[in-house]
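*Asks:* run03.cif is reproduced in full below (mmCIF, C-alpha atoms).
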data_protein
#
loop_
_atom_site.group_PDB
_atom_site.id
_atom_site.type_symbol
_atom_site.label_atom_id
_atom_site.label_comp_id
_atom_site.auth_asym_id
_atom_site.auth_seq_id
_atom_site.Cartn_x
_atom_site.Cartn_y
_atom_site.Cartn_z
ATOM 1 C CA MET A 3 4.923 -13.542 -16.405
ATOM 2 C CA ARG A 4 8.612 -14.230 -16.579
ATOM 3 C CA PHE A 5 10.716 -16.684 -14.628
ATOM 4 C CA PHE A 6 13.475 -15.661 -12.231
ATOM 5 C CA GLU A 7 16.170 -16.586 -14.769
ATOM 6 C CA ASP A 8 14.711 -14.134 -17.315
ATOM 7 C CA ILE A 9 14.837 -11.161 -14.994
ATOM 8 C CA LYS A 10 17.842 -8.817 -15.097
ATOM 9 C CA ILE A 11 18.729 -5.703 -13.141
ATOM 10 C CA GLY A 12 17.689 -2.580 -15.040
ATOM 11 C CA GLN A 13 14.856 -4.237 -16.988
ATOM 12 C CA ARG A 14 11.974 -1.814 -17.238
ATOM 13 C CA ARG A 15 8.315 -2.467 -17.974
ATOM 14 C CA GLU A 16 5.728 0.167 -18.806
ATOM 15 C CA LEU A 17 2.610 -0.964 -16.984
ATOM 16 C CA GLY A 18 0.059 1.343 -18.608
ATOM 17 C CA SER A 19 -1.861 4.331 -17.331
ATOM 18 C CA PHE A 20 -4.959 5.026 -15.250
ATOM 19 C CA THR A 21 -7.149 8.128 -14.928
ATOM 20 C CA PHE A 22 -8.342 8.927 -11.405
ATOM 21 C CA THR A 23 -11.865 10.353 -11.626
ATOM 22 C CA ALA A 24 -13.524 12.320 -8.828
ATOM 23 C CA ALA A 25 -16.112 9.545 -8.471
ATOM 24 C CA GLY A 26 -13.438 6.841 -8.292
ATOM 25 C CA ILE A 27 -11.401 8.785 -5.715
ATOM 26 C CA LYS A 28 -14.443 9.302 -3.483
ATOM 27 C CA HIS A 29 -15.610 5.702 -3.849
ATOM 28 C CA PHE A 30 -12.270 4.299 -2.661
ATOM 29 C CA ALA A 31 -11.957 6.916 0.089
ATOM 30 C CA ALA A 32 -15.460 6.293 1.437
ATOM 31 C CA GLN A 33 -14.550 2.667 1.943
ATOM 32 C CA PHE A 34 -10.957 2.832 3.140
ATOM 33 C CA ASP A 35 -9.686 6.357 3.804
ATOM 34 C CA PRO A 36 -12.509 8.828 4.486
ATOM 35 C CA GLN A 37 -10.289 11.811 5.292
ATOM 36 C CA ARG A 38 -11.996 15.041 4.212
ATOM 37 C CA PHE A 39 -9.486 15.894 1.455
ATOM 38 C CA HIS A 40 -10.187 12.523 -0.240
ATOM 39 C CA LEU A 41 -13.984 12.974 -0.165
ATOM 40 C CA ASP A 42 -14.779 16.587 -0.924
ATOM 41 C CA GLU A 43 -13.486 18.996 -3.609
ATOM 42 C CA GLU A 44 -13.672 22.094 -1.401
ATOM 43 C CA GLU A 45 -11.905 20.370 1.514
ATOM 44 C CA GLY A 46 -9.281 19.165 -0.957
ATOM 45 C CA ARG A 47 -8.691 22.711 -2.221
ATOM 46 C CA LYS A 48 -8.203 23.962 1.345
ATOM 47 C CA SER A 49 -5.743 21.152 2.158
ATOM 48 C CA LEU A 50 -2.022 20.828 1.424
ATOM 49 C CA PHE A 51 -3.035 18.845 -1.685
ATOM 50 C CA GLY A 52 -4.775 21.794 -3.378
ATOM 51 C CA GLY A 53 -7.642 19.718 -4.788
ATOM 52 C CA LEU A 54 -9.618 16.490 -4.389
ATOM 53 C CA ALA A 55 -6.784 14.014 -3.887
ATOM 54 C CA ALA A 56 -6.764 10.230 -4.208
ATOM 55 C CA SER A 57 -5.894 8.241 -1.087
ATOM 56 C CA GLY A 58 -2.301 7.083 -1.266
ATOM 57 C CA TRP A 59 -3.600 3.550 -0.790
ATOM 58 C CA HIS A 60 -5.792 3.997 -3.842
ATOM 59 C CA VAL A 61 -2.719 4.998 -5.887
ATOM 60 C CA GLY A 62 -0.795 1.975 -4.589
ATOM 61 C CA SER A 63 -3.708 -0.367 -5.301
ATOM 62 C CA VAL A 64 -4.017 0.960 -8.866
ATOM 63 C CA CYS A 65 -0.291 0.382 -9.390
ATOM 64 C CA MET A 66 -0.866 -3.224 -8.269
ATOM 65 C CA LYS A 67 -3.845 -3.494 -10.632
ATOM 66 C CA LEU A 68 -1.779 -2.430 -13.649
ATOM 67 C CA MET A 69 1.110 -4.636 -12.576
ATOM 68 C CA VAL A 70 -1.156 -7.699 -12.418
ATOM 69 C CA ALA A 71 -2.777 -6.821 -15.769
ATOM 70 C CA ASP A 72 0.647 -6.484 -17.401
ATOM 71 C CA GLY A 73 1.764 -9.787 -15.890
ATOM 72 C CA GLN A 74 -1.347 -11.530 -17.169
ATOM 73 C CA ARG A 75 -0.748 -10.030 -20.626
ATOM 74 C CA LEU A 76 2.803 -11.437 -20.607
ATOM 75 C CA ALA A 77 1.465 -14.806 -19.436
ATOM 76 C CA ARG A 78 -1.082 -14.950 -22.271
ATOM 77 C CA GLU A 79 1.623 -14.104 -24.803
ATOM 78 C CA ALA A 80 3.928 -16.778 -23.396
ATOM 79 C CA ALA A 81 1.105 -19.340 -23.454
ATOM 80 C CA ALA A 82 0.296 -18.391 -27.073
ATOM 81 C CA ARG A 83 3.929 -19.093 -27.988
ATOM 82 C CA GLY A 84 3.587 -22.484 -26.306
ATOM 83 C CA GLU A 85 5.959 -21.521 -23.466
ATOM 84 C CA LYS A 86 5.681 -22.482 -19.833
ATOM 85 C CA VAL A 87 3.990 -19.716 -17.831
ATOM 86 C CA ALA A 88 5.474 -18.468 -14.561
ATOM 87 C CA ILE A 89 3.027 -17.893 -11.708
ATOM 88 C CA TRP A 90 4.488 -15.317 -9.360
ATOM 89 C CA GLY A 91 4.366 -15.809 -5.638
ATOM 90 C CA PRO A 92 3.283 -13.367 -2.954
ATOM 91 C CA SER A 93 5.218 -10.306 -1.849
ATOM 92 C CA PRO A 94 6.836 -10.094 1.581
ATOM 93 C CA GLY A 95 6.433 -6.314 1.536
ATOM 94 C CA PHE A 96 7.856 -3.035 0.290
ATOM 95 C CA ARG A 97 10.060 -0.165 1.368
ATOM 96 C CA GLU A 98 10.507 3.505 0.556
ATOM 97 C CA LEU A 99 6.951 4.196 -0.553
ATOM 98 C CA ARG A 100 6.767 7.903 -1.414
ATOM 99 C CA TRP A 101 3.631 9.855 -2.174
ATOM 100 C CA ILE A 102 5.656 12.572 -3.856
ATOM 101 C CA LYS A 103 2.878 14.735 -5.265
ATOM 102 C CA PRO A 104 -0.882 14.537 -4.865
ATOM 103 C CA VAL A 105 -2.901 12.604 -7.439
ATOM 104 C CA LEU A 106 -5.860 14.887 -8.101
ATOM 105 C CA ALA A 107 -9.204 14.216 -9.771
ATOM 106 C CA GLY A 108 -8.672 14.062 -13.544
ATOM 107 C CA ASP A 109 -4.976 13.129 -13.327
ATOM 108 C CA THR A 110 -3.727 10.319 -15.541
ATOM 109 C CA ILE A 111 -0.873 8.379 -13.991
ATOM 110 C CA SER A 112 1.448 6.180 -16.036
ATOM 111 C CA PHE A 113 3.121 3.434 -14.047
ATOM 112 C CA SER A 114 6.365 1.617 -14.705
ATOM 113 C CA SER A 115 8.525 -0.936 -12.964
ATOM 114 C CA GLU A 116 12.312 -1.262 -13.058
ATOM 115 C CA VAL A 117 14.251 -4.180 -11.577
ATOM 116 C CA GLU A 118 16.751 -3.073 -8.895
ATOM 117 C CA SER A 119 18.002 -6.359 -7.466
ATOM 118 C CA VAL A 120 17.691 -10.116 -7.929
ATOM 119 C CA ARG A 121 18.765 -12.825 -5.527
ATOM 120 C CA SER A 122 17.994 -16.446 -4.815
ATOM 121 C CA SER A 123 15.966 -17.377 -1.760
ATOM 122 C CA ASP A 124 17.940 -19.312 0.868
ATOM 123 C CA SER A 125 14.860 -20.724 2.565
ATOM 124 C CA ARG A 126 12.905 -21.479 -0.631
ATOM 125 C CA PRO A 127 15.257 -22.793 -3.339
ATOM 126 C CA GLU A 128 12.504 -23.006 -5.959
ATOM 127 C CA TRP A 129 11.991 -19.239 -5.718
ATOM 128 C CA GLY A 130 14.024 -16.124 -6.401
ATOM 129 C CA ILE A 131 13.505 -12.705 -4.851
ATOM 130 C CA VAL A 132 13.190 -9.669 -7.089
ATOM 131 C CA GLN A 133 13.138 -6.053 -5.958
ATOM 132 C CA ALA A 134 11.680 -3.510 -8.361
ATOM 133 C CA ARG A 135 11.155 0.235 -8.177
ATOM 134 C CA ASN A 136 7.568 0.911 -9.204
ATOM 135 C CA THR A 137 6.804 4.509 -10.103
ATOM 136 C CA GLY A 138 3.873 6.636 -11.223
ATOM 137 C CA THR A 139 4.199 9.770 -13.371
ATOM 138 C CA ASN A 140 1.374 12.206 -14.100
ATOM 139 C CA GLN A 141 0.324 13.750 -17.429
ATOM 140 C CA ARG A 142 2.745 16.648 -16.855
ATOM 141 C CA GLY A 143 5.678 14.237 -16.524
ATOM 142 C CA GLU A 144 5.953 14.742 -12.748
ATOM 143 C CA LEU A 145 6.908 11.773 -10.593
ATOM 144 C CA VAL A 146 4.051 11.343 -8.095
ATOM 145 C CA PHE A 147 4.535 7.873 -6.615
ATOM 146 C CA SER A 148 7.413 5.517 -5.988
ATOM 147 C CA LEU A 149 8.030 2.345 -4.021
ATOM 148 C CA LEU A 150 10.580 -0.422 -3.803
ATOM 149 C CA ALA A 151 8.582 -3.648 -4.064
ATOM 150 C CA THR A 152 9.733 -7.192 -3.336
ATOM 151 C CA ALA A 153 8.293 -10.356 -4.857
ATOM 152 C CA PHE A 154 8.912 -14.097 -4.929
ATOM 153 C CA VAL A 155 9.447 -15.188 -8.543
ATOM 154 C CA PRO A 156 9.543 -18.877 -9.517
ATOM 155 C CA ARG A 157 12.652 -20.459 -10.995
ATOM 156 C CA ARG A 158 12.183 -21.970 -14.448
ATOM 157 C CA ASN A 159 13.084 -25.499 -13.461
ATOM 158 C CA ALA A 160 11.653 -25.591 -9.954
ATOM 159 C CA GLY A 161 10.347 -29.028 -9.179
ATOM 160 C CA ALA A 162 11.616 -30.366 -12.532
ATOM 161 C CA MET B 5 -11.777 16.855 20.619
ATOM 162 C CA THR B 6 -9.282 17.019 17.803
ATOM 163 C CA LEU B 7 -5.943 15.376 18.460
ATOM 164 C CA THR B 8 -2.846 17.435 17.683
ATOM 165 C CA PHE B 9 0.903 16.783 17.597
ATOM 166 C CA GLU B 10 1.086 17.068 21.395
ATOM 167 C CA ASP B 11 -1.211 14.046 21.786
ATOM 168 C CA PHE B 12 1.350 11.677 20.258
ATOM 169 C CA PRO B 13 4.285 11.240 22.639
ATOM 170 C CA PRO B 14 6.573 8.296 21.807
ATOM 171 C CA GLY B 15 5.313 4.974 23.181
ATOM 172 C CA HIS B 16 2.274 2.725 22.850
ATOM 173 C CA PHE B 17 -0.700 4.791 21.656
ATOM 174 C CA GLY B 18 -3.401 2.160 21.857
ATOM 175 C CA THR B 19 -5.202 -0.882 20.480
ATOM 176 C CA PHE B 20 -8.197 -0.909 18.144
ATOM 177 C CA GLY B 21 -10.520 -3.629 16.932
ATOM 178 C CA PRO B 22 -11.590 -6.221 16.254
ATOM 179 C CA ARG B 23 -12.544 -5.693 12.615
ATOM 180 C CA ARG B 24 -14.030 -8.710 10.778
ATOM 181 C CA VAL B 25 -12.953 -9.250 7.155
ATOM 182 C CA THR B 26 -15.370 -11.228 4.996
ATOM 183 C CA ARG B 27 -14.745 -13.483 1.994
ATOM 184 C CA GLU B 28 -16.978 -11.196 -0.112
ATOM 185 C CA GLU B 29 -14.799 -8.174 0.696
ATOM 186 C CA ILE B 30 -11.638 -10.113 -0.135
ATOM 187 C CA LEU B 31 -13.012 -11.249 -3.496
ATOM 188 C CA ALA B 32 -14.390 -7.804 -4.396
ATOM 189 C CA PHE B 33 -11.111 -5.997 -3.695
ATOM 190 C CA ALA B 34 -9.080 -8.658 -5.500
ATOM 191 C CA ALA B 35 -11.362 -8.536 -8.544
ATOM 192 C CA GLU B 36 -10.849 -4.785 -8.851
ATOM 193 C CA PHE B 37 -7.199 -4.309 -7.884
ATOM 194 C CA ASP B 38 -5.324 -7.588 -7.591
ATOM 195 C CA PRO B 39 -6.936 -10.392 -9.640
ATOM 196 C CA GLN B 40 -4.285 -13.008 -8.982
ATOM 197 C CA PRO B 41 -5.640 -16.555 -8.550
ATOM 198 C CA MET B 42 -4.353 -16.770 -4.942
ATOM 199 C CA HIS B 43 -6.763 -13.944 -4.013
ATOM 200 C CA LEU B 44 -9.742 -15.058 -6.123
ATOM 201 C CA ASP B 45 -9.897 -18.791 -6.541
ATOM 202 C CA GLU B 46 -10.031 -21.324 -3.711
ATOM 203 C CA GLU B 47 -8.579 -24.159 -5.802
ATOM 204 C CA ALA B 48 -5.658 -22.124 -7.214
ATOM 205 C CA ALA B 49 -5.068 -20.538 -3.802
ATOM 206 C CA SER B 50 -4.702 -23.930 -2.123
ATOM 207 C CA LYS B 51 -1.785 -24.688 -4.462
ATOM 208 C CA SER B 52 -0.107 -21.319 -3.896
ATOM 209 C CA MET B 53 2.678 -20.518 -1.415
ATOM 210 C CA LEU B 54 0.013 -19.126 0.936
ATOM 211 C CA LYS B 55 -1.934 -22.439 0.913
ATOM 212 C CA GLY B 56 -5.467 -21.098 0.781
ATOM 213 C CA LEU B 57 -7.478 -18.057 -0.194
ATOM 214 C CA SER B 58 -5.945 -14.845 1.138
ATOM 215 C CA ALA B 59 -6.588 -11.127 0.716
ATOM 216 C CA SER B 60 -4.469 -8.911 -1.488
ATOM 217 C CA GLY B 61 -1.737 -7.226 0.527
ATOM 218 C CA TRP B 62 -3.059 -3.890 -0.744
ATOM 219 C CA HIS B 63 -6.457 -4.805 0.640
ATOM 220 C CA LEU B 64 -4.890 -5.440 4.031
ATOM 221 C CA CYS B 65 -3.124 -2.047 3.763
ATOM 222 C CA SER B 66 -6.393 -0.354 2.864
ATOM 223 C CA ILE B 67 -8.241 -2.028 5.752
ATOM 224 C CA MET B 68 -5.403 -0.999 8.068
ATOM 225 C CA MET B 69 -5.835 2.589 6.834
ATOM 226 C CA ARG B 70 -9.541 2.443 7.610
ATOM 227 C CA MET B 71 -8.859 1.034 11.074
ATOM 228 C CA MET B 72 -6.357 3.841 11.700
ATOM 229 C CA PHE B 73 -8.964 6.347 10.522
ATOM 230 C CA ASP B 74 -11.670 4.948 12.772
ATOM 231 C CA PHE B 75 -9.269 4.675 15.707
ATOM 232 C CA TYR B 76 -7.595 8.108 15.666
ATOM 233 C CA ILE B 77 -6.803 9.680 12.297
ATOM 234 C CA GLY B 78 -10.444 10.677 11.816
ATOM 235 C CA ARG B 79 -10.165 12.956 14.862
ATOM 236 C CA THR B 80 -6.565 14.027 14.324
ATOM 237 C CA ALA B 81 -5.495 17.309 12.690
ATOM 238 C CA SER B 82 -3.680 15.247 10.050
ATOM 239 C CA LEU B 83 -2.395 16.895 6.899
ATOM 240 C CA GLY B 84 -1.539 13.626 5.165
ATOM 241 C CA SER B 85 1.447 11.340 4.918
ATOM 242 C CA PRO B 86 4.568 11.587 2.740
ATOM 243 C CA GLY B 87 4.871 7.807 2.497
ATOM 244 C CA VAL B 88 5.729 4.514 4.160
ATOM 245 C CA ASN B 89 9.247 3.694 5.307
ATOM 246 C CA GLU B 90 8.644 -0.017 5.404
ATOM 247 C CA LEU B 91 5.723 -2.401 5.160
ATOM 248 C CA ARG B 92 5.966 -6.139 5.763
ATOM 249 C CA TRP B 93 3.279 -8.696 4.936
ATOM 250 C CA LEU B 94 4.079 -11.420 7.459
ATOM 251 C CA ALA B 95 1.151 -13.840 7.196
ATOM 252 C CA PRO B 96 -1.916 -14.130 4.956
ATOM 253 C CA LEU B 97 -5.209 -12.408 5.758
ATOM 254 C CA ARG B 98 -7.930 -15.094 5.547
ATOM 255 C CA PRO B 99 -11.687 -14.831 5.079
ATOM 256 C CA GLY B 100 -13.396 -14.375 8.453
ATOM 257 C CA ASP B 101 -10.317 -13.034 10.240
ATOM 258 C CA ASP B 102 -10.902 -10.591 13.082
ATOM 259 C CA LEU B 103 -8.168 -7.957 12.939
ATOM 260 C CA THR B 104 -6.717 -5.968 15.805
ATOM 261 C CA LEU B 105 -4.567 -2.888 15.261
ATOM 262 C CA ASP B 106 -1.836 -1.718 17.617
ATOM 263 C CA ILE B 107 -0.341 1.718 17.204
ATOM 264 C CA GLU B 108 3.010 2.832 18.569
ATOM 265 C CA VAL B 109 4.495 6.289 18.220
ATOM 266 C CA MET B 110 8.141 5.783 17.294
ATOM 267 C CA GLU B 111 9.142 9.412 16.898
ATOM 268 C CA ALA B 112 7.492 12.837 17.093
ATOM 269 C CA ARG B 113 9.325 15.957 15.977
ATOM 270 C CA VAL B 114 8.428 19.493 15.015
ATOM 271 C CA SER B 115 8.738 20.239 11.298
ATOM 272 C CA ARG B 116 11.579 22.623 10.468
ATOM 273 C CA SER B 117 10.063 23.767 7.202
ATOM 274 C CA ARG B 118 6.539 24.203 8.621
ATOM 275 C CA PRO B 119 6.848 24.929 12.372
ATOM 276 C CA THR B 120 3.070 24.895 12.982
ATOM 277 C CA THR B 121 3.169 21.158 12.217
ATOM 278 C CA GLY B 122 4.983 18.096 13.473
ATOM 279 C CA ILE B 123 5.939 14.778 11.940
ATOM 280 C CA VAL B 124 4.750 11.748 13.894
ATOM 281 C CA THR B 125 6.188 8.403 12.835
ATOM 282 C CA PHE B 126 3.879 5.535 13.675
ATOM 283 C CA LYS B 127 4.376 1.814 13.760
ATOM 284 C CA ALA B 128 1.140 0.003 12.955
ATOM 285 C CA LEU B 129 0.809 -3.699 13.752
ATOM 286 C CA VAL B 130 -2.107 -5.828 12.567
ATOM 287 C CA ARG B 131 -2.802 -9.201 14.172
ATOM 288 C CA ASN B 132 -5.502 -11.817 13.679
ATOM 289 C CA ALA B 133 -7.622 -13.288 16.479
ATOM 290 C CA ALA B 134 -4.984 -15.964 17.132
ATOM 291 C CA GLY B 135 -2.471 -13.199 17.788
ATOM 292 C CA GLN B 136 -0.506 -13.931 14.631
ATOM 293 C CA MET B 137 1.155 -10.825 13.173
ATOM 294 C CA LEU B 138 -0.139 -10.215 9.630
ATOM 295 C CA CYS B 139 1.337 -6.851 8.810
ATOM 296 C CA GLU B 140 3.773 -4.313 10.185
ATOM 297 C CA MET B 141 4.151 -0.783 8.860
ATOM 298 C CA VAL B 142 6.285 2.238 9.721
ATOM 299 C CA SER B 143 4.917 5.484 8.320
ATOM 300 C CA PRO B 144 5.104 9.196 9.159
ATOM 301 C CA ILE B 145 2.075 11.512 9.257
ATOM 302 C CA ILE B 146 2.130 15.319 9.260
ATOM 303 C CA VAL B 147 0.042 16.594 12.187
ATOM 304 C CA GLU B 148 -0.808 20.168 13.172
ATOM 305 C CA ARG B 149 0.515 21.443 16.472
ATOM 306 C CA ARG B 150 -1.803 22.880 19.107
ATOM 307 C CA ALA B 151 -2.807 26.446 18.268
ATOM 308 C CA GLY B 152 -0.125 28.823 19.442
ATOM 309 C CA ALA B 153 2.456 26.091 20.070
ATOM 310 C CA ALA B 154 4.904 27.490 17.518
ATOM 311 C CA ALA B 155 4.557 31.037 18.906
ATOM 312 C CA GLU B 156 5.064 29.858 22.515
ATOM 313 C CA GLN B 157 8.248 28.133 21.504
ATOM 314 C CA ALA B 158 9.490 31.153 19.558
ATOM 315 C CA GLY B 159 8.727 33.378 22.577
#
Here is a file; write its structure as structure tokens.

*Replies:*
Amino acid sequence: MRFFEDIKIGQRRELGSFTFTAAGIKHFAAQFDPQRFHLDEEEGRKSLFGGLAASGWHVGSVCMKLMVADGQRLAREAAARGEKVAIWGPSPGFRELRWIKPVLAGDTISFSSEVESVRSSDSRPEWGIVQARNTGTNQRGELVFSLLATAFVPRRNAGA
Amino acid sequence: MTLTFEDFPPGHFGTFGPRRVTREEILAFAAEFDPQPMHLDEEAASKSMLKGLSASGWHLCSIMMRMMFDFYIGRTASLGSPGVNELRWLAPLRPGDDLTLDIEVMEARVSRSRPTTGIVTFKALVRNAAGQMLCEMVSPIIVERRAGAAAEQAG
């Protein structure tokens, strides 16, 4: 993971891709969002989604999963170079989450993250606040998911 | 009885809960979707900004979704949601917390593009047993209108 000082507006990271299987969609939905169009193929076909569709919260959680995996990859690389590793703080929330198109069983979604704003934190001087637009695009190149996420990112010399 | 657009006038809709969240659930969700040390490891979590083990924010969102389902969405003629206007994580969700959900209807309007449906914008508030606000979300849902409602209006 990078420090606040390394992060610039417009920086883009490709986070990797994830295939939503019918079994995976139903497993998540059974636990957290058991609406009929997330649990049953036929109900999905009859719905506005036109097929068995992943819960929007499943899509968001998978985006988080790939984001964390990418961050841990960066951290391992930094550690291998003998650099100090940044441990990111929690997120105060997000805005403008859009489930633009359904994510259907068999779809492969590629996620990316682009920095939209950076500012220092007034209340926590050892942290900066980064806003990034995280998006998901399906195998046909259609944008399916977007949100503007906020995170606390440590400053390089905090506590030094 | 299935709830339709007409059942969601602006104002306080109701309160649901409590829903207990266990340490095992927190660890299982974090392991699959958000394996950051603050959600997985007691020792690392105690040194984090949140000062102790806490659930992934996406876990809290997913639990909130399930509470909304059990409370009213499961018996609502819902066609899905286009997104979330804003979501704020205000305080950490801890192992053993008992969550209560409050639902307010902020706005309800008939869809112009699909007049047999309406768009209901909800505010969902999740608190712990101490009354501390953990999460606040504003999100619209597309809901079918009562059968014949569009025709009545047109007539």

*Asks:* Kindly provide the residues of chain B that approach chain A to within 8 Å, each paired with its closest atom pair and their distance in Å to one decimal, based on all atoms listed in the file, listed by chain and increasing number, as CSV.

*Replies:*
residue,atom,partner,partner_atom,distance
B:Glu36,CA,A:Lys67,CA,7.3
B:Phe37,CA,A:Lys67,CA,4.4
B:Asp38,CA,A:Lys67,CA,5.3
B:Pro39,CA,A:Val70,CA,7.0
B:Gln40,CA,A:Val70,CA,7.1
B:Ser52,CA,A:Gly91,CA,7.3
B:Met53,CA,A:Gly91,CA,6.5
B:Leu54,CA,A:Pro92,CA,7.7
B:Gly61,CA,A:Ser93,CA,8.0
B:Trp62,CA,A:Ser63,CA,5.8
B:His63,CA,A:Ser63,CA,7.9
B:Cys65,CA,A:Trp59,CA,7.2
B:Ser66,CA,A:Phe34,CA,5.6
B:Ile67,CA,A:Phe34,CA,6.1
B:Met69,CA,A:Asp35,CA,6.2
B:Arg70,CA,A:Phe34,CA,4.7
B:Phe73,CA,A:Asp35,CA,6.8
B:Gly78,CA,A:Gln37,CA,6.6
B:Leu83,CA,A:Leu50,CA,6.8
B:Ser85,CA,A:Trp101,CA,7.6
B:Pro86,CA,A:Trp101,CA,5.3
B:Gly87,CA,A:Arg100,CA,4.3
B:Val88,CA,A:Leu99,CA,4.9
B:Asn89,CA,A:Glu98,CA,4.9
B:Glu90,CA,A:Arg97,CA,4.3
B:Leu91,CA,A:Phe96,CA,5.4
B:Arg92,CA,A:Gly95,CA,4.3
B:Trp93,CA,A:Pro94,CA,5.1
B:Leu94,CA,A:Pro94,CA,6.6

*Asks:* What's the separation between CA of Thr80 (chain B) and CA of Phe9 (chain B), in Å to one decimal place?

*Replies:*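 CA of Phe9 (chain B) lies 8.6 Å from CA of Thr80 (chain B).
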
*Asks:* Give me the residues within 7 Å of Leu103 (chain B) as a ChimeraX atom specification, counting only C-alpha atoms and dropping any in the same chain fewer than 3 places off.

*Replies:* /B:21-24,130-133

*Asks:* If I take CA of Ala81 (chain B) and CA of Glu45 (chain A), how far is one from the other in Å, to one decimal?

*Replies:*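 Calculated distance between CA of Ala81 (chain B) and CA of Glu45 (chain A) is 13.2 Å.
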
*Asks:* Go through B:Leu57, B:Met71, B:Ala34, B:Leu129 one by one, measure the shortest atom-to-atom distance of each to Val109 (chain B) using all atoms listed in the file, and give the residue with the smallest value.

*Replies:* B:Leu129

*Asks:* Centre and edge lengths, as lines of an AutoDock Vina configuration file, for the axis-aligned box enclosing every listed atom of region 109-120 of chain B with 4 Å of padding on each of the six sides, in Å to one decimal?

*Replies:*
center_x = 7.3
center_y = 15.4
center_z = 12.7
size_x = 16.5
size_y = 27.1
size_z = 19.0

*Asks:* Need the shell around Met72 (chain B): protein/DNA/RNA residues with any atom at most 9 Å away, counting only C-alpha atoms. Skip same-chain ones fewer than 4 positions apart. Format as a list in words?

*Replies:*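 Near neighbours after the sequence-gap exclusion: Asp35 of chain A; Phe20, Ile67, Met68, Tyr76, Ile77, Gly78, Leu105, Ile107 and Ala128 of chain B.
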
*Asks:* To one decimal in Å, tell me the separation between CA of Arg47 (chain A) and CA of Gly26 (chain A).

*Replies:* 17.6 Å

*Asks:* List every protein, DNA or RNA residue with an atom no more than 8 Å from (16.0, -6.0, -12.7) in the file's coordinates, counting all atoms listed in the file, and format the result as a list in words.

*Replies:*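 The residues that fall inside the cut-off are Ile9, Lys10, Ile11, Gly12, Gln13, Arg14, Glu116, Val117, Glu118, Ser119, Val120, Val132, Gln133 and Ala134 of chain A.
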
*Asks:* Which of these, B:Pro119, B:Lys127, B:Ile30, B:Ala134, has the shortest distance to Gly152 (chain B) once you count only C-alpha atoms?

*Replies:*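 Nearest candidate to Gly152 (chain B) out of B:Pro119, B:Lys127, B:Ile30, B:Ala134: B:Pro119.
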
*Asks:* Tell me which residues come within 8 Å of (6.7, 2.8, -16.3), as a list in words, counting all atoms listed in the file in the file's coordinates.

*Replies:*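 The residues that fall inside the cut-off are Arg14, Arg15, Glu16, Leu17, Gly18, Ser112, Phe113, Ser114, Ser115, Glu116, Asn136, Thr137, Gly138 and Thr139 of chain A.
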
*Asks:* Next, write the just-selected residues to a file, as a compact mmCIF listing (two decimals), in the frame of the given file, keeping C-alpha atoms as the atom set.

*Replies:*
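Saved the output as selection13.txt:
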# COMPACT_ATOMS: atom_id res chain seq x y z
CA ARG A 14 11.97 -1.81 -17.24
CA ARG A 15 8.32 -2.47 -17.97
CA GLU A 16 5.73 0.17 -18.81
CA LEU A 17 2.61 -0.96 -16.98
CA GLY A 18 0.06 1.34 -18.61
CA SER A 112 1.45 6.18 -16.04
CA PHE A 113 3.12 3.43 -14.05
CA SER A 114 6.36 1.62 -14.70
CA SER A 115 8.52 -0.94 -12.96
CA GLU A 116 12.31 -1.26 -13.06
CA ASN A 136 7.57 0.91 -9.20
CA THR A 137 6.80 4.51 -10.10
CA GLY A 138 3.87 6.64 -11.22
CA THR A 139 4.20 9.77 -13.37

*Asks:* As JSON, numbers by chain, please: the residues near Leu31 (chain B) (cut-off 10 Å, all atoms listed in the file, same-chain neighbours under 6 positions excluded).

*Replies:* {"B": [38, 39, 43, 44, 45, 57, 58, 59, 60, 99]}

*Asks:* Run the PyMOL selection byres ((chain B and resi 17) around 6) mentally over the shown coordinates, then write out the matched residues as an NGL selection string, using the chain letters and numbers from the document.

*Replies:* :B and (16 or 18 or 107-108)
